[in-house]
$ cat query_38.pdb   # PDB, C-alpha atoms and all ligand atoms
ATOM      1  CA  MET A1045       6.228  -0.922  18.370  1.00  0.00           C
ATOM      2  CA  GLU A1046       6.103   0.889  15.051  1.00  0.00           C
ATOM      3  CA  ARG A1047       3.245   1.663  12.680  1.00  0.00           C
ATOM      4  CA  THR A1048       3.248   1.708   8.917  1.00  0.00           C
ATOM      5  CA  PHE A1049       0.713   2.457   6.227  1.00  0.00           C
ATOM      6  CA  ALA A1050      -0.298  -0.147   3.637  1.00  0.00           C
ATOM      7  CA  ILE A1051      -2.671  -0.447   0.675  1.00  0.00           C
ATOM      8  CA  ILE A1052      -4.173  -3.459  -1.036  1.00  0.00           C
ATOM      9  CA  LYS A1053      -4.192  -1.831  -4.462  1.00  0.00           C
ATOM     10  CA  PRO A1054      -7.100  -1.926  -6.962  1.00  0.00           C
ATOM     11  CA  ASP A1055      -5.571  -4.776  -9.010  1.00  0.00           C
ATOM     12  CA  ALA A1056      -5.354  -7.098  -5.993  1.00  0.00           C
ATOM     13  CA  PHE A1057      -8.776  -6.065  -4.680  1.00  0.00           C
ATOM     14  CA  ALA A1058     -10.447  -6.616  -8.070  1.00  0.00           C
ATOM     15  CA  ALA A1059      -8.782 -10.027  -8.412  1.00  0.00           C
ATOM     16  CA  GLY A1060     -10.292 -11.129  -5.094  1.00  0.00           C
ATOM     17  CA  ASN A1061      -6.931 -11.300  -3.315  1.00  0.00           C
ATOM     18  CA  ALA A1062      -7.680  -8.948  -0.394  1.00  0.00           C
ATOM     19  CA  GLY A1063      -8.560 -11.826   1.929  1.00  0.00           C
ATOM     20  CA  LYS A1064      -5.398 -13.779   1.144  1.00  0.00           C
ATOM     21  CA  ILE A1065      -3.238 -10.697   1.657  1.00  0.00           C
ATOM     22  CA  LEU A1066      -4.943  -9.929   4.973  1.00  0.00           C
ATOM     23  CA  SER A1067      -4.424 -13.544   6.116  1.00  0.00           C
ATOM     24  CA  ARG A1068      -0.744 -13.203   5.332  1.00  0.00           C
ATOM     25  CA  ILE A1069      -0.578  -9.933   7.307  1.00  0.00           C
ATOM     26  CA  TYR A1070      -1.921 -11.697  10.418  1.00  0.00           C
ATOM     27  CA  GLU A1071       0.276 -14.772   9.898  1.00  0.00           C
ATOM     28  CA  GLU A1072       3.356 -12.565   9.779  1.00  0.00           C
ATOM     29  CA  GLY A1073       2.435 -11.073  13.149  1.00  0.00           C
ATOM     30  CA  PHE A1074       1.171  -7.606  12.310  1.00  0.00           C
ATOM     31  CA  LYS A1075      -1.598  -6.026  14.330  1.00  0.00           C
ATOM     32  CA  VAL A1076      -4.198  -4.358  12.083  1.00  0.00           C
ATOM     33  CA  VAL A1077      -4.788  -1.006  13.789  1.00  0.00           C
ATOM     34  CA  GLY A1078      -6.877   0.588  11.025  1.00  0.00           C
ATOM     35  CA  LEU A1079      -8.595  -0.781   7.917  1.00  0.00           C
ATOM     36  CA  LYS A1080     -11.090   0.526   5.398  1.00  0.00           C
ATOM     37  CA  LYS A1081     -12.179   0.035   1.815  1.00  0.00           C
ATOM     38  CA  LEU A1082     -12.104   3.174  -0.329  1.00  0.00           C
ATOM     39  CA  TYR A1083     -12.635   4.066  -3.963  1.00  0.00           C
ATOM     40  CA  LEU A1084     -10.161   6.904  -4.503  1.00  0.00           C
ATOM     41  CA  SER A1085     -10.875   9.782  -6.848  1.00  0.00           C
ATOM     42  CA  ARG A1086      -8.130  10.886  -9.222  1.00  0.00           C
ATOM     43  CA  ILE A1087      -7.571  14.007  -7.074  1.00  0.00           C
ATOM     44  CA  GLU A1088      -7.238  11.878  -3.911  1.00  0.00           C
ATOM     45  CA  ALA A1089      -4.761   9.529  -5.599  1.00  0.00           C
ATOM     46  CA  GLU A1090      -2.738  12.505  -6.862  1.00  0.00           C
ATOM     47  CA  GLY A1091      -2.587  13.960  -3.355  1.00  0.00           C
ATOM     48  CA  PHE A1092      -1.416  10.664  -1.901  1.00  0.00           C
ATOM     49  CA  TYR A1093       1.345  10.223  -4.514  1.00  0.00           C
ATOM     50  CA  TYR A1094       2.285  13.931  -4.517  1.00  0.00           C
ATOM     51  CA  VAL A1095       6.015  13.062  -4.047  1.00  0.00           C
ATOM     52  CA  HIS A1096       5.941  11.323  -7.433  1.00  0.00           C
ATOM     53  CA  LYS A1097       4.203  14.152  -9.320  1.00  0.00           C
ATOM     54  CA  SER A1098       7.147  14.879 -11.617  1.00  0.00           C
ATOM     55  CA  ARG A1099       7.876  11.211 -12.390  1.00  0.00           C
ATOM     56  CA  PRO A1100       6.985   9.892 -15.865  1.00  0.00           C
ATOM     57  CA  PHE A1101       4.658   7.243 -14.400  1.00  0.00           C
ATOM     58  CA  PHE A1102       2.572   9.675 -12.299  1.00  0.00           C
ATOM     59  CA  GLY A1103      -0.372   9.790 -14.733  1.00  0.00           C
ATOM     60  CA  GLU A1104      -0.522   6.037 -15.161  1.00  0.00           C
ATOM     61  CA  LEU A1105      -0.102   5.467 -11.409  1.00  0.00           C
ATOM     62  CA  THR A1106      -2.870   7.828 -10.323  1.00  0.00           C
ATOM     63  CA  GLU A1107      -5.202   6.527 -13.039  1.00  0.00           C
ATOM     64  CA  PHE A1108      -4.605   2.974 -11.808  1.00  0.00           C
ATOM     65  CA  MET A1109      -5.018   3.871  -8.124  1.00  0.00           C
ATOM     66  CA  SER A1110      -8.393   5.497  -8.891  1.00  0.00           C
ATOM     67  CA  SER A1111      -9.559   2.696 -11.216  1.00  0.00           C
ATOM     68  CA  GLY A1112     -11.371   0.675  -8.550  1.00  0.00           C
ATOM     69  CA  PRO A1113     -11.719   0.089  -4.809  1.00  0.00           C
ATOM     70  CA  CYS A1114      -8.707  -0.505  -2.608  1.00  0.00           C
ATOM     71  CA  VAL A1115      -8.118  -1.297   1.071  1.00  0.00           C
ATOM     72  CA  VAL A1116      -6.081   1.116   3.191  1.00  0.00           C
ATOM     73  CA  MET A1117      -4.540  -0.084   6.455  1.00  0.00           C
ATOM     74  CA  VAL A1118      -2.365   0.888   9.384  1.00  0.00           C
ATOM     75  CA  LEU A1119      -0.217  -2.044  10.497  1.00  0.00           C
ATOM     76  CA  GLU A1120       1.687  -2.315  13.764  1.00  0.00           C
ATOM     77  CA  ALA A1121       4.699  -4.516  14.587  1.00  0.00           C
ATOM     78  CA  ASP A1122       8.284  -4.276  15.754  1.00  0.00           C
ATOM     79  CA  GLY A1123      10.049  -2.590  12.835  1.00  0.00           C
ATOM     80  CA  ALA A1124       6.749  -2.477  10.920  1.00  0.00           C
ATOM     81  CA  ILE A1125       7.994  -0.247   8.091  1.00  0.00           C
ATOM     82  CA  LYS A1126      10.821  -2.552   7.013  1.00  0.00           C
ATOM     83  CA  LYS A1127       8.906  -5.709   7.919  1.00  0.00           C
ATOM     84  CA  TRP A1128       6.050  -4.728   5.581  1.00  0.00           C
ATOM     85  CA  ARG A1129       8.406  -3.616   2.782  1.00  0.00           C
ATOM     86  CA  ASP A1130      10.169  -6.995   3.061  1.00  0.00           C
ATOM     87  CA  LEU A1131       6.878  -8.890   2.950  1.00  0.00           C
ATOM     88  CA  MET A1132       5.827  -6.959  -0.186  1.00  0.00           C
ATOM     89  CA  GLY A1133       9.114  -7.400  -2.051  1.00  0.00           C
ATOM     90  CA  ALA A1134      10.545  -5.165  -4.785  1.00  0.00           C
ATOM     91  CA  THR A1135       8.426  -2.647  -6.712  1.00  0.00           C
ATOM     92  CA  ASN A1136       8.642  -4.804  -9.839  1.00  0.00           C
ATOM     93  CA  PRO A1137       7.012  -8.178  -9.038  1.00  0.00           C
ATOM     94  CA  ALA A1138       9.525  -9.869 -11.364  1.00  0.00           C
ATOM     95  CA  ASP A1139      12.321  -8.746  -9.016  1.00  0.00           C
ATOM     96  CA  ALA A1140      10.442  -9.611  -5.805  1.00  0.00           C
ATOM     97  CA  PRO A1141      11.461 -12.801  -3.987  1.00  0.00           C
ATOM     98  CA  GLU A1142       9.450 -16.003  -4.122  1.00  0.00           C
ATOM     99  CA  GLY A1143       6.868 -15.902  -1.339  1.00  0.00           C
ATOM    100  CA  SER A1144       6.573 -12.110  -1.298  1.00  0.00           C
ATOM    101  CA  LEU A1145       3.193 -10.460  -1.837  1.00  0.00           C
ATOM    102  CA  ARG A1146       4.172  -8.603  -4.985  1.00  0.00           C
ATOM    103  CA  ARG A1147       5.656 -11.754  -6.518  1.00  0.00           C
ATOM    104  CA  GLN A1148       2.516 -13.713  -5.694  1.00  0.00           C
ATOM    105  CA  PHE A1149      -0.148 -11.122  -6.510  1.00  0.00           C
ATOM    106  CA  GLY A1150       1.456  -8.386  -8.634  1.00  0.00           C
ATOM    107  CA  THR A1151       1.356  -8.474 -12.423  1.00  0.00           C
ATOM    108  CA  SER A1152       3.564  -5.530 -13.495  1.00  0.00           C
ATOM    109  CA  VAL A1153       5.746  -2.750 -12.091  1.00  0.00           C
ATOM    110  CA  GLY A1154       2.647  -0.525 -11.952  1.00  0.00           C
ATOM    111  CA  GLU A1155       0.030  -3.078 -10.917  1.00  0.00           C
ATOM    112  CA  ASN A1156       1.974  -4.559  -8.046  1.00  0.00           C
ATOM    113  CA  ALA A1157      -0.796  -5.432  -5.577  1.00  0.00           C
ATOM    114  CA  THR A1158       0.360  -3.529  -2.504  1.00  0.00           C
ATOM    115  CA  HIS A1159       1.796  -0.259  -1.213  1.00  0.00           C
ATOM    116  CA  GLY A1160       3.938   0.343   1.841  1.00  0.00           C
ATOM    117  CA  SER A1161       5.493   3.430   3.424  1.00  0.00           C
ATOM    118  CA  ASP A1162       9.256   3.672   2.988  1.00  0.00           C
ATOM    119  CA  ALA A1163      10.276   5.709   6.084  1.00  0.00           C
ATOM    120  CA  PRO A1164       8.870   7.070   9.372  1.00  0.00           C
ATOM    121  CA  GLU A1165       8.130  10.499   7.824  1.00  0.00           C
ATOM    122  CA  THR A1166       6.229   9.050   4.862  1.00  0.00           C
ATOM    123  CA  ALA A1167       4.396   6.623   7.163  1.00  0.00           C
ATOM    124  CA  ALA A1168       3.213   9.558   9.301  1.00  0.00           C
ATOM    125  CA  PHE A1169       1.993  11.508   6.257  1.00  0.00           C
ATOM    126  CA  GLU A1170       0.297   8.489   4.690  1.00  0.00           C
ATOM    127  CA  MET A1171      -1.470   7.345   7.883  1.00  0.00           C
ATOM    128  CA  GLY A1172      -2.711  10.889   8.434  1.00  0.00           C
ATOM    129  CA  TYR A1173      -3.913  11.163   4.838  1.00  0.00           C
ATOM    130  CA  PHE A1174      -6.432   8.359   5.353  1.00  0.00           C
ATOM    131  CA  PHE A1175      -7.023   7.947   9.091  1.00  0.00           C
ATOM    132  CA  SER A1176      -7.877  10.220  12.001  1.00  0.00           C
ATOM    133  CA  GLY A1177      -6.468   9.519  15.460  1.00  0.00           C
ATOM    134  CA  LEU A1178      -9.870   8.262  16.601  1.00  0.00           C
ATOM    135  CA  GLU A1179      -9.854   5.625  13.858  1.00  0.00           C
ATOM    136  CA  LEU A1180      -6.570   4.218  15.123  1.00  0.00           C
ATOM    137  CA  LEU A1181      -7.416   3.536  18.757  1.00  0.00           C
TER
HETATM  138  N1  LIG B   1       5.438   2.691 -10.488  1.00  0.00           N
HETATM  139  C1  LIG B   1       5.212   2.583 -11.851  1.00  0.00           C
HETATM  140  N2  LIG B   1       6.286   2.570 -12.697  1.00  0.00           N
HETATM  141  C2  LIG B   1       7.569   2.690 -12.248  1.00  0.00           C
HETATM  142  C3  LIG B   1       7.793   2.813 -10.867  1.00  0.00           C
HETATM  143  C4  LIG B   1       6.708   2.825 -10.015  1.00  0.00           C
HETATM  144  O1  LIG B   1       4.063   2.484 -12.279  1.00  0.00           O
HETATM  145  O2  LIG B   1       8.497   2.677 -13.059  1.00  0.00           O
HETATM  146  C5  LIG B   1       4.289   2.701  -9.557  1.00  0.00           C
HETATM  147  C6  LIG B   1       4.164   1.388  -8.776  1.00  0.00           C
HETATM  148  O3  LIG B   1       2.785   1.110  -8.606  1.00  0.00           O
HETATM  149  C7  LIG B   1       4.826   1.749  -7.466  1.00  0.00           C
HETATM  150  C8  LIG B   1       4.407   3.214  -7.305  1.00  0.00           C
HETATM  151  O4  LIG B   1       4.449   3.745  -8.612  1.00  0.00           O
HETATM  152  O5  LIG B   1       4.398   0.916  -6.415  1.00  0.00           O
HETATM  153  C9  LIG B   1       5.278   4.049  -6.400  1.00  0.00           C
HETATM  154  O6  LIG B   1       6.627   3.942  -6.827  1.00  0.00           O
HETATM  155  P1  LIG B   1       7.802   3.747  -5.782  1.00  0.00           P
HETATM  156  O7  LIG B   1       9.074   3.963  -6.504  1.00  0.00           O
HETATM  157  O8  LIG B   1       7.537   4.569  -4.563  1.00  0.00           O
HETATM  158  O9  LIG B   1       7.722   2.179  -5.437  1.00  0.00           O
HETATM  159  P2  LIG B   1       7.238   1.445  -4.094  1.00  0.00           P
HETATM  160  O10 LIG B   1       7.650   2.285  -2.930  1.00  0.00           O
HETATM  161  O11 LIG B   1       5.731   1.291  -4.206  1.00  0.00           O
HETATM  162  O12 LIG B   1       7.932   0.113  -4.124  1.00  0.00           O
HETATM  163 MG    MG B   2       7.279   4.268  -2.545  1.00  0.00          MG
END

$ encode --input "query_38.pdb" --output "structure tokens"
Amino acid sequence: MERTFAIIKPDAFAAGNAGKILSRIYEEGFKVVGLKKLYLSRIEAEGFYYVHKSRPFFGELTEFMSSGPCVVMVLEADGAIKKWRDLMGATNPADAPEGSLRRQFGTSVGENATHGSDAPETAAFEMGYFFSGLELL
């Protein structure tokens, strides 16, 4: 079993799509190991997306991620990292396959409804950024 880190981003939460996304997570066979609603500060969003700090979209991204509440989760499944990335689809919802979460709920390359870790190392950092060990029992 593998764990990955996921976010229902502020656009999807504000649009009332958190429940539908969570339903889909269960239907696809993930176990929800950790889950909480947070309203990130700009500083917290910047720390989370630290790897992107020199990218041109960093300002826009961290402003968006701190623009409203989101839901942070730890998901468990066989091959959870890839399984969750596949369920989300491509970063740009227009390039994401029919039936994927970003295609269904995303509206632009920035406001794309969900986040998912892209490798074991980033999953470990991202889970630890938001959850303590005791919250993941
Ligand atoms: N993003 C953006 N503009 C871009 C690329 C990315 O606003 O041109 C945002 C988008 O919200 C994306 C996040 O930055 O989900 C992180 O980018 P990354 O390349 O890591 O994409 P992801 O791993 O989320 O698919
Ligand atoms: Mg990424």

$ residues_near_ligand --input "query_38.pdb" --ligand "ligand MG 2 (chain B)" --cutoff "12 Å" --atoms "all atoms listed in the file" --output "list in words"
Phe1049, Ala1050, Ile1051, Phe1092, Tyr1093, Tyr1094, Val1095, His1096, Leu1105, Ile1125, Arg1129, Met1132, Gly1133, Ala1134, Thr1135, Asn1136, Val1153, Gly1154, Asn1156, Thr1158, His1159, Gly1160, Ser1161, Asp1162, Ala1163, Thr1166, Ala1167 and Glu1170 of chain A

$ residues_around --input "query_38.pdb" --residues "Ala1056 in chain A" --least-positions-apart "4" --cutoff "12 Å" --atoms "all atoms listed in the file" --output "number ranges by chain"
A: 1051-1052, 1060-1066, 1108-1109, 1111-1115, 1145-1152, 1154-1159

$ axis_aligned_box --input "query_38.pdb" --around "range 1163-1166 of chain A" --padding-each-side "5 Å" --output "AutoDock Vina command-line options"
--center_x 8.3 --center_y 8.1 --center_z 7.1 --size_x 14.0 --size_y 14.8 --size_z 14.5

$ atom_distance --input "query_38.pdb" --atom1 "CA of Phe1169 in chain A" --atom2 "CA of Asp1139 in chain A"
27.4 Å

$ atom_distance --input "query_38.pdb" --atom1 "CA of Trp1128 in chain A" --atom2 "CA of Pro1100 in chain A"
26.0 Å

$ atom_distance --input "query_38.pdb" --atom1 "CA of Tyr1173 in chain A" --atom2 "CA of Glu1088 in chain A"
9.4 Å

$ closest_residue --input "query_38.pdb" --among "A:Leu1131, A:Ala1124, A:Leu1082, A:Ala1089" --to "Glu1107 in chain A" --atoms "all atoms listed in the file"
A:Ala1089

$ residues_around --input "query_38.pdb" --residues "Arg1047 in chain A" --least-positions-apart "5" --cutoff "9 Å" --atoms "only C-alpha atoms" --output "MDAnalysis selection string"
chainID A and resid 1077 1118:1125 1164 1167:1168 1171

$ closest_residue --input "query_38.pdb" --among "A:Phe1074, A:Glu1104, A:Tyr1083, A:Arg1068" --to "Met1045 in chain A" --atoms "only C-alpha atoms"
A:Phe1074

$ build_atoms --input "query_38.pdb" --residues "range 1133-1157 of chain A" --atoms "N, CA and C atoms" --output "short mmCIF file (atom, residue, chain, number, x, y, z; two decimals), keeping the file's coordinate frame"
data_model
loop_
_atom_site.label_atom_id
_atom_site.label_comp_id
_atom_site.auth_asym_id
_atom_site.auth_seq_id
_atom_site.Cartn_x
_atom_site.Cartn_y
_atom_site.Cartn_z
N GLY A 1133 8.10 -7.17 -1.02
CA GLY A 1133 9.11 -7.40 -2.05
C GLY A 1133 9.31 -6.17 -2.92
N ALA A 1134 10.17 -6.30 -3.94
CA ALA A 1134 10.54 -5.16 -4.78
C ALA A 1134 9.34 -4.59 -5.54
N THR A 1135 9.49 -3.34 -5.97
CA THR A 1135 8.43 -2.65 -6.71
C THR A 1135 7.98 -3.45 -7.93
N ASN A 1136 8.96 -3.97 -8.67
CA ASN A 1136 8.64 -4.80 -9.84
C ASN A 1136 8.46 -6.26 -9.38
N PRO A 1137 7.26 -6.80 -9.52
CA PRO A 1137 7.01 -8.18 -9.04
C PRO A 1137 8.02 -9.20 -9.57
N ALA A 1138 8.54 -8.94 -10.78
CA ALA A 1138 9.52 -9.87 -11.36
C ALA A 1138 10.82 -9.90 -10.56
N ASP A 1139 11.11 -8.82 -9.84
CA ASP A 1139 12.32 -8.75 -9.02
C ASP A 1139 12.06 -9.10 -7.55
N ALA A 1140 10.81 -9.33 -7.21
CA ALA A 1140 10.44 -9.61 -5.80
C ALA A 1140 10.69 -11.09 -5.51
N PRO A 1141 11.14 -11.40 -4.29
CA PRO A 1141 11.46 -12.80 -3.99
C PRO A 1141 10.23 -13.71 -3.96
N GLU A 1142 10.48 -14.96 -4.24
CA GLU A 1142 9.45 -16.00 -4.12
C GLU A 1142 8.84 -15.91 -2.71
N GLY A 1143 7.52 -15.96 -2.64
CA GLY A 1143 6.87 -15.90 -1.34
C GLY A 1143 6.48 -14.50 -0.92
N SER A 1144 6.96 -13.49 -1.64
CA SER A 1144 6.57 -12.11 -1.30
C SER A 1144 5.21 -11.79 -1.92
N LEU A 1145 4.55 -10.79 -1.37
CA LEU A 1145 3.19 -10.46 -1.84
C LEU A 1145 3.18 -9.96 -3.27
N ARG A 1146 4.17 -9.13 -3.61
CA ARG A 1146 4.17 -8.60 -4.99
C ARG A 1146 4.50 -9.70 -6.00
N ARG A 1147 5.36 -10.63 -5.62
CA ARG A 1147 5.66 -11.75 -6.52
C ARG A 1147 4.41 -12.60 -6.72
N GLN A 1148 3.69 -12.83 -5.63
CA GLN A 1148 2.52 -13.71 -5.69
C GLN A 1148 1.32 -13.04 -6.38
N PHE A 1149 1.10 -11.76 -6.08
CA PHE A 1149 -0.15 -11.12 -6.51
C PHE A 1149 0.03 -9.99 -7.53
N GLY A 1150 1.24 -9.48 -7.70
CA GLY A 1150 1.46 -8.39 -8.63
C GLY A 1150 1.57 -8.90 -10.05
N THR A 1151 1.27 -8.04 -11.03
CA THR A 1151 1.36 -8.47 -12.42
C THR A 1151 2.28 -7.60 -13.26
N SER A 1152 2.65 -6.42 -12.76
CA SER A 1152 3.56 -5.53 -13.50
C SER A 1152 4.14 -4.52 -12.51
N VAL A 1153 5.13 -3.74 -12.99
CA VAL A 1153 5.75 -2.75 -12.09
C VAL A 1153 4.71 -1.74 -11.59
N GLY A 1154 3.70 -1.46 -12.38
CA GLY A 1154 2.65 -0.52 -11.95
C GLY A 1154 1.60 -1.22 -11.10
N GLU A 1155 1.11 -2.35 -11.60
CA GLU A 1155 0.03 -3.08 -10.92
C GLU A 1155 0.66 -4.16 -10.04
N ASN A 1156 1.15 -3.69 -8.89
CA ASN A 1156 1.97 -4.56 -8.05
C ASN A 1156 1.33 -4.89 -6.69
N ALA A 1157 0.02 -4.85 -6.66
CA ALA A 1157 -0.80 -5.43 -5.58
C ALA A 1157 -0.82 -4.69 -4.24
#
